$ cat entry-v7.cif   # mmCIF, C-alpha atoms
data_start
#
loop_
_atom_site.label_atom_id
_atom_site.label_comp_id
_atom_site.auth_asym_id
_atom_site.auth_seq_id
_atom_site.Cartn_x
_atom_site.Cartn_y
_atom_site.Cartn_z
CA MET W 262 -15.40 30.16 -0.45
CA LYS W 263 -12.07 31.02 -2.04
CA LYS W 264 -13.55 33.81 -4.20
CA LEU W 265 -15.48 35.21 -1.25
CA THR W 266 -12.41 35.33 0.96
CA ILE W 267 -10.34 37.15 -1.66
CA LEU W 268 -13.21 39.57 -2.40
CA LEU W 269 -13.52 40.56 1.25
CA LEU W 270 -9.78 41.04 1.47
CA SER W 271 -9.86 43.30 -1.60
CA VAL W 272 -12.52 45.54 -0.02
CA VAL W 273 -10.44 45.92 3.12
CA THR W 274 -7.34 46.68 1.07
CA LEU W 275 -9.04 49.40 -0.95
CA SER W 276 -10.45 51.02 2.18
CA GLY W 277 -6.99 51.06 3.69
CA CYS W 278 -5.50 52.68 0.58
CA SER W 279 -8.13 55.43 0.66
CA PHE W 280 -7.41 56.16 4.32
CA PHE W 281 -3.66 56.51 3.79
CA GLN W 282 -4.14 58.66 0.69
CA ASN W 283 -6.30 61.11 2.61
CA GLU W 284 -4.00 61.28 5.58
CA ARG W 285 -0.55 61.08 4.01
CA LYS W 286 -1.16 61.27 0.23
CA THR W 287 1.26 58.34 -0.41
CA ILE W 288 1.37 54.64 0.20
CA SER W 289 4.69 53.03 0.99
CA GLN W 290 5.94 50.20 -1.19
CA ASP W 291 6.29 48.07 1.94
CA SER W 292 2.54 48.31 2.56
CA ILE W 293 1.75 47.20 -1.01
CA THR W 294 4.17 44.28 -0.70
CA SER W 295 2.57 43.28 2.60
CA VAL W 296 -0.93 43.27 1.08
CA GLU W 297 0.23 41.27 -1.95
CA SER W 298 1.93 38.75 0.32
CA THR W 299 -1.25 38.40 2.38
CA VAL W 300 -3.34 37.76 -0.75
CA GLU W 301 -0.85 35.12 -1.94
CA THR W 302 -0.90 33.44 1.47
CA ILE W 303 -4.71 33.30 1.46
CA GLU W 304 -4.73 31.87 -2.07
CA GLU W 305 -2.13 29.22 -1.17
CA THR W 306 -4.05 28.25 1.97
CA ASN W 307 -7.30 27.87 0.06
CA ASP W 308 -5.58 25.85 -2.68
CA GLN W 309 -4.11 23.53 -0.04
CA GLU W 310 -7.49 23.15 1.66
CA THR W 311 -9.15 22.34 -1.67
CA GLU W 312 -6.45 19.80 -2.54
CA SER W 313 -6.67 18.23 0.92
CA ALA W 314 -10.46 17.95 0.68
CA SER W 315 -10.14 16.34 -2.75
CA GLN W 316 -7.57 13.84 -1.46
CA ASN W 317 -9.76 12.97 1.53
CA ALA W 318 -12.73 12.41 -0.77
CA ASN W 319 -10.66 10.15 -3.04
CA THR W 320 -9.33 8.21 -0.06
CA SER W 321 -12.84 7.70 1.28
CA SER W 322 -14.00 6.52 -2.15
CA GLU W 323 -11.11 4.04 -2.46
CA SER W 324 -11.76 2.76 1.07
CA ILE W 325 -15.40 2.04 0.26
CA ALA W 326 -14.47 0.32 -3.02
CA ASN W 327 -11.85 -1.81 -1.25
CA GLU W 328 -14.51 -3.21 1.05
CA ASP W 329 -15.75 -5.29 -1.88
CA PHE W 330 -12.46 -7.21 -1.86
CA SER W 331 -11.54 -10.06 0.46
CA GLY W 332 -8.12 -8.66 1.19
CA VAL W 333 -5.78 -6.89 -1.20
CA PHE W 334 -5.79 -9.77 -3.72
CA ASN W 335 -9.27 -11.16 -2.99
CA GLU W 336 -7.62 -14.10 -1.22
CA SER W 337 -9.52 -17.01 0.28
CA GLU W 338 -7.96 -19.30 2.90
CA LEU W 339 -7.75 -23.04 2.44
CA SER W 340 -7.52 -23.50 6.21
CA THR W 341 -9.13 -21.53 9.01
CA THR W 342 -6.88 -19.05 10.81
CA ASP W 343 -7.40 -16.07 13.10
CA LEU W 344 -5.66 -13.77 10.62
CA PRO W 345 -7.58 -10.79 9.20
CA ASN W 346 -7.73 -10.01 5.51
CA THR W 347 -4.66 -8.34 4.06
CA SER W 348 -4.86 -4.57 3.75
CA LEU W 349 -2.92 -1.57 2.43
CA ASP W 350 -3.13 2.19 2.78
CA GLU W 351 -6.71 3.34 2.13
CA SER W 352 -5.56 5.56 -0.74
CA ILE W 353 -4.59 2.47 -2.77
CA SER W 354 -7.28 1.01 -5.01
CA TYR W 355 -7.34 -2.79 -4.82
CA GLN W 356 -9.31 -2.90 -8.05
CA GLU W 357 -6.69 -0.93 -9.99
CA LEU W 358 -3.93 -3.02 -8.43
CA ASN W 359 -5.63 -6.24 -9.48
CA GLN W 360 -6.18 -4.96 -13.01
CA GLU W 361 -2.45 -4.27 -13.30
CA MET W 362 -1.71 -7.74 -11.92
CA VAL W 363 -3.99 -9.35 -14.52
CA THR W 364 -2.18 -7.56 -17.34
CA PHE W 365 1.24 -8.55 -16.05
CA TYR W 366 0.13 -12.13 -15.32
CA ASN W 367 -1.18 -12.63 -18.85
CA ASP W 368 1.85 -11.01 -20.47
CA GLN W 369 4.65 -12.56 -18.41
CA PHE W 370 3.52 -15.87 -16.89
CA ASP W 371 3.92 -18.83 -19.21
CA GLU W 372 1.56 -21.79 -19.37
CA ASP W 373 3.82 -23.97 -17.21
CA ALA W 374 3.66 -21.46 -14.35
CA LYS W 375 -0.11 -21.03 -14.72
CA GLU W 376 -0.60 -24.79 -14.72
CA MET W 377 1.65 -25.30 -11.70
CA ASN W 378 -0.23 -22.72 -9.65
CA SER W 379 -3.63 -24.11 -10.62
CA GLN W 380 -3.11 -27.04 -8.21
CA PRO W 381 -2.60 -26.87 -4.43
CA VAL W 382 0.74 -27.70 -2.85
CA ASP W 383 0.60 -31.15 -1.25
CA ASP W 384 0.46 -31.47 2.53
CA ASP W 385 3.89 -33.09 2.89
CA THR W 386 5.58 -30.19 1.10
CA MET W 387 3.75 -27.63 3.23
CA ALA W 388 4.76 -29.55 6.37
CA GLN W 389 8.40 -29.52 5.23
CA LEU W 390 8.24 -25.77 4.66
CA GLN W 391 6.89 -25.23 8.15
CA TYR W 392 9.60 -27.45 9.58
CA SER W 393 12.24 -25.36 7.79
CA LEU W 394 10.77 -22.10 9.11
CA ASP W 395 10.71 -23.50 12.66
CA ASN W 396 14.23 -24.94 12.62
CA ASN W 397 16.30 -22.76 10.31
CA GLY W 398 19.00 -21.15 12.44
CA ILE W 399 18.46 -17.74 10.86
CA LEU W 400 14.70 -17.66 10.33
CA GLN W 401 13.34 -19.46 13.39
CA GLY W 402 13.33 -16.30 15.51
CA LEU W 403 10.68 -14.82 13.21
CA GLN W 404 8.14 -17.49 14.25
CA ALA W 405 6.70 -17.51 10.72
CA THR W 406 3.84 -19.80 9.74
CA ALA W 407 3.02 -21.25 6.33
CA ASP W 408 -0.36 -22.04 4.80
CA GLN W 409 -2.11 -21.69 1.44
CA VAL W 410 -4.58 -19.20 0.00
CA VAL W 411 -6.37 -19.06 -3.34
CA ILE W 412 -6.01 -15.92 -5.44
CA THR W 413 -8.07 -15.69 -8.61
CA ILE W 414 -6.33 -13.83 -11.44
CA ASP W 415 -8.27 -13.25 -14.64
CA GLY W 416 -10.69 -16.03 -13.75
CA GLN W 417 -7.99 -18.61 -12.95
CA ASP W 418 -7.49 -19.88 -9.40
CA ASN W 419 -3.89 -19.76 -8.17
CA TYR W 420 -2.88 -21.73 -5.09
CA VAL W 421 -0.44 -19.45 -3.31
CA THR W 422 1.90 -20.43 -0.49
CA ARG W 423 1.48 -17.82 2.24
CA VAL W 424 4.19 -17.13 4.82
CA THR W 425 3.12 -14.89 7.71
CA VAL W 426 5.43 -13.25 10.25
CA PRO W 427 3.53 -12.39 13.48
CA MET W 428 5.06 -8.93 13.93
CA THR W 429 5.55 -5.72 11.99
CA TYR W 430 8.12 -5.57 9.23
CA GLU W 431 10.11 -3.04 11.25
CA GLU W 432 10.24 -5.42 14.21
CA SER W 433 11.20 -8.35 12.00
CA VAL W 434 14.15 -6.46 10.50
CA SER W 435 15.57 -5.95 13.98
CA ILE W 436 15.69 -9.75 14.29
CA VAL W 437 16.75 -10.73 10.75
CA ASN W 438 17.71 -8.12 8.19
CA ASP W 439 16.23 -8.61 4.71
CA ASN W 440 14.16 -11.45 6.09
CA ASP W 441 11.45 -11.00 3.44
CA ILE W 442 13.89 -12.11 0.74
CA LEU W 443 15.14 -15.01 2.87
CA LEU W 444 11.59 -16.15 3.57
CA MET W 445 10.68 -15.95 -0.10
CA ASN W 446 13.75 -17.97 -1.05
CA GLU W 447 12.94 -20.62 1.56
CA ALA W 448 9.32 -20.89 0.45
CA LEU W 449 10.20 -21.24 -3.23
CA ALA W 450 12.99 -23.72 -2.46
CA GLN W 451 10.40 -25.98 -0.84
CA VAL W 452 7.35 -25.57 -3.10
CA GLY W 453 9.07 -24.90 -6.45
CA GLY W 454 10.23 -21.81 -8.27
CA LEU W 455 7.26 -21.60 -10.65
CA ARG W 456 4.80 -21.39 -7.77
CA LEU W 457 3.57 -18.13 -6.30
CA ALA W 458 4.47 -17.27 -2.71
CA GLN W 459 3.14 -14.46 -0.56
CA ILE W 460 5.02 -12.89 2.37
CA ASN W 461 2.93 -11.05 4.97
CA TYR W 462 3.49 -9.26 8.28
CA TYR W 463 0.88 -9.28 11.02
CA ASP W 464 0.66 -6.45 13.54
CA PRO W 465 -1.24 -7.73 16.62
CA THR W 466 -1.53 -4.21 18.02
CA THR W 467 -3.64 -2.99 15.11
CA ASP W 468 -4.85 -6.42 13.95
CA THR W 469 -3.65 -5.73 10.42
CA LEU W 470 -2.06 -8.09 7.92
CA THR W 471 0.19 -6.32 5.41
CA PRO W 472 1.48 -8.02 2.25
CA MET W 473 5.11 -7.52 1.26
CA HIS W 474 5.59 -9.86 -1.73
CA LEU W 475 3.52 -11.86 -4.17
CA ALA W 476 5.93 -13.52 -6.60
CA ASN W 477 7.54 -16.63 -7.96
CA ALA W 478 11.21 -17.15 -8.79
CA ASN W 479 10.87 -15.41 -12.16
CA HIS W 480 8.32 -12.63 -11.74
CA SER W 481 6.96 -10.34 -9.05
CA LEU W 482 3.23 -9.59 -9.16
CA PHE W 483 3.41 -7.30 -6.13
CA TYR W 484 6.08 -5.66 -3.99
CA ASN W 485 5.29 -3.30 -1.12
CA ASP W 486 8.08 -0.75 -1.53
CA GLN W 487 6.22 1.66 0.76
CA LEU W 488 6.53 -0.79 3.64
CA ALA W 489 10.16 -1.51 2.86
CA ASN W 490 11.09 2.19 2.83
CA ASN W 491 9.22 3.28 5.95
#
$ encode --input "entry-v7.cif" --output "structure tokens"
Amino acid sequence: MKKLTILLLSVVTLSGCSFFQNERKTISQDSITSVESTVETIEETNDQETESASQNANTSSESIANEDFSGVFNESELSTTDLPNTSLDESISYQELNQEMVTFYNDQFDEDAKEMNSQPVDDDTMAQLQYSLDNNGILQGLQATADQVVITIDGQDNYVTRVTVPMTYEESVSIVNDNDILLMNEALAQVGGLRLAQINYYDPTTDTLTPMHLANANHSLFYNDQLANN
């Protein structure tokens, strides 16, 4: 399509040149500049359309591949909730993200951390975390809830403490600034610094659950900088 468009334009341009040569014997430099500018504009437009089509195709491909995952991290709930699976922008490949997480997990997490996360947090500790979220003078306005999910990394199950805020990140910041860090600190203070904690934001309008952090006190496996900078 691009070659055809430029070819047709070239035919029109040559016909125009012949007409002006017969009538006036000369062609002004302004006319040549105008034609060259038109050709460049057509080429740029076609390049942009091709790039856009390629991006749309890639996005569609990633979206289909992501359907094989139970959420961004292939999480599975230990308790039944009404929350949907976590999700990110369709252009992000969950498979590539998880491959990067596996590499980092194996390189950076020591055996103590892996062993700690291989067992669920006991019910009393989870109840204490929920009590803290409900009664902390700073955090209670966020109405956050705590539960556990299992995330398998390189074949090993990790019991992850999940904290979910029932609003968008933007809305939560208007209540408590930097609340994601405060929530992470509270979760790790209760369950232990070697354990993994996940901070999510739920948008009831779109029924989407967006992850912000997946980390312990020493290492971050995931951070949603796109959400933080929106």
$ residues_near_point --input "entry-v7.cif" --point "(-7.1, -7.8, 7.9)" --cutoff "8 Å" --atoms "only C-alpha atoms" --output "list in words"
Gly332, Leu344, Pro345, Asn346, Thr347, Ser348, Asp468, Thr469, Leu470 and Thr471 of chain W
$ closest_residue --input "entry-v7.cif" --among "W:Tyr463, W:Tyr484, W:Tyr430, W:Tyr420" --to "Asp343 of chain W" --atoms "all atoms listed in the file"
W:Tyr463
$ resolve_selection --input "entry-v7.cif" --expression "the PyMOL selection byres ((chain W and resi 394) around 12)" --output "VMD selection string"
chain W and resid 387 to 393 395 to 408 424 to 426 440 443 to 448 450 to 451
$ resolve_selection --input "entry-v7.cif" --expression "the PyMOL selection byres ((chain W and resi 488) around 10)" --output "JSON, numbers by chain"
{"W": [349, 429, 430, 431, 471, 472, 473, 484, 485, 486, 487, 489, 490, 491]}
$ resolve_selection --input "entry-v7.cif" --expression "the PyMOL selection byres ((chain W and resi 335) around 9)" --output "PyMOL selection string"
chain W and resi 329-334+336-337+346-347+355+359+411-413
$ closest_residue --input "entry-v7.cif" --among "W:Phe370, W:Pro381, W:Ser433, W:Pro465" --to "Ile414 of chain W" --atoms "only C-alpha atoms"
W:Phe370
$ atom_distance --input "entry-v7.cif" --atom1 "atom CA of Arg423 of chain W" --atom2 "atom CA of Asp368 of chain W"
23.7 Å
$ residues_around --input "entry-v7.cif" --residues "segment 360-365 of chain W" --least-positions-apart "6" --cutoff "8 Å" --atoms "all atoms listed in the file" --output "ChimeraX atom specification"
/W:414-415,482-483
$ atom_distance --input "entry-v7.cif" --atom1 "atom CA of Gln417 of chain W" --atom2 "atom CA of Tyr366 of chain W"
10.7 Å
$ atom_distance --input "entry-v7.cif" --atom1 "atom CA of Val434 of chain W" --atom2 "atom CA of Asn461 of chain W"
13.3 Å
$ closest_residue --input "entry-v7.cif" --among "W:Asn378, W:Ser340, W:Thr386, W:Ser435" --to "Asp418 of chain W" --atoms "all atoms listed in the file"
W:Asn378
$ closest_residue --input "entry-v7.cif" --among "W:Leu475, W:Ile460, W:Ala326, W:Ile436" --to "Gln356 of chain W" --atoms "all atoms listed in the file"
W:Ala326
$ build_atoms --input "entry-v7.cif" --residues "segment 367-384 of chain W" --atoms "N, CA and C atoms" --output "compact mmCIF listing (two decimals), keeping the file's coordinate frame"
# COMPACT_ATOMS: atom_id res chain seq x y z
N ASN W 367 -0.92 -12.11 -17.51
CA ASN W 367 -1.18 -12.63 -18.85
C ASN W 367 0.00 -12.40 -19.79
N ASP W 368 0.73 -11.32 -19.58
CA ASP W 368 1.85 -11.01 -20.47
C ASP W 368 3.12 -11.79 -20.12
N GLN W 369 3.35 -12.04 -18.84
CA GLN W 369 4.65 -12.56 -18.41
C GLN W 369 4.65 -14.02 -17.94
N PHE W 370 3.54 -14.51 -17.42
CA PHE W 370 3.52 -15.87 -16.89
C PHE W 370 3.23 -16.86 -18.02
N ASP W 371 4.13 -17.84 -18.16
CA ASP W 371 3.92 -18.83 -19.21
C ASP W 371 2.93 -19.90 -18.75
N GLU W 372 2.57 -20.78 -19.67
CA GLU W 372 1.56 -21.79 -19.37
C GLU W 372 2.02 -22.77 -18.30
N ASP W 373 3.31 -23.06 -18.24
CA ASP W 373 3.82 -23.97 -17.21
C ASP W 373 3.58 -23.40 -15.81
N ALA W 374 3.86 -22.10 -15.65
CA ALA W 374 3.66 -21.46 -14.35
C ALA W 374 2.18 -21.41 -13.99
N LYS W 375 1.34 -21.09 -14.96
CA LYS W 375 -0.11 -21.03 -14.72
C LYS W 375 -0.64 -22.41 -14.34
N GLU W 376 -0.16 -23.43 -15.02
CA GLU W 376 -0.60 -24.79 -14.72
C GLU W 376 -0.13 -25.23 -13.34
N MET W 377 1.11 -24.92 -13.00
CA MET W 377 1.65 -25.30 -11.70
C MET W 377 0.85 -24.69 -10.56
N ASN W 378 0.49 -23.42 -10.71
CA ASN W 378 -0.23 -22.72 -9.65
C ASN W 378 -1.72 -23.04 -9.60
N SER W 379 -2.20 -23.77 -10.59
CA SER W 379 -3.63 -24.11 -10.62
C SER W 379 -3.96 -25.27 -9.69
N GLN W 380 -2.92 -25.91 -9.13
CA GLN W 380 -3.11 -27.04 -8.21
C GLN W 380 -2.51 -26.71 -6.85
N PRO W 381 -3.14 -27.16 -5.76
CA PRO W 381 -2.60 -26.87 -4.43
C PRO W 381 -1.29 -27.60 -4.17
N VAL W 382 -0.47 -27.04 -3.29
CA VAL W 382 0.74 -27.70 -2.85
C VAL W 382 0.34 -28.86 -1.93
N ASP W 383 0.99 -29.99 -2.07
CA ASP W 383 0.60 -31.15 -1.25
C ASP W 383 0.98 -30.94 0.21
N ASP W 384 0.31 -31.66 1.08
CA ASP W 384 0.46 -31.47 2.53
C ASP W 384 1.88 -31.75 3.01
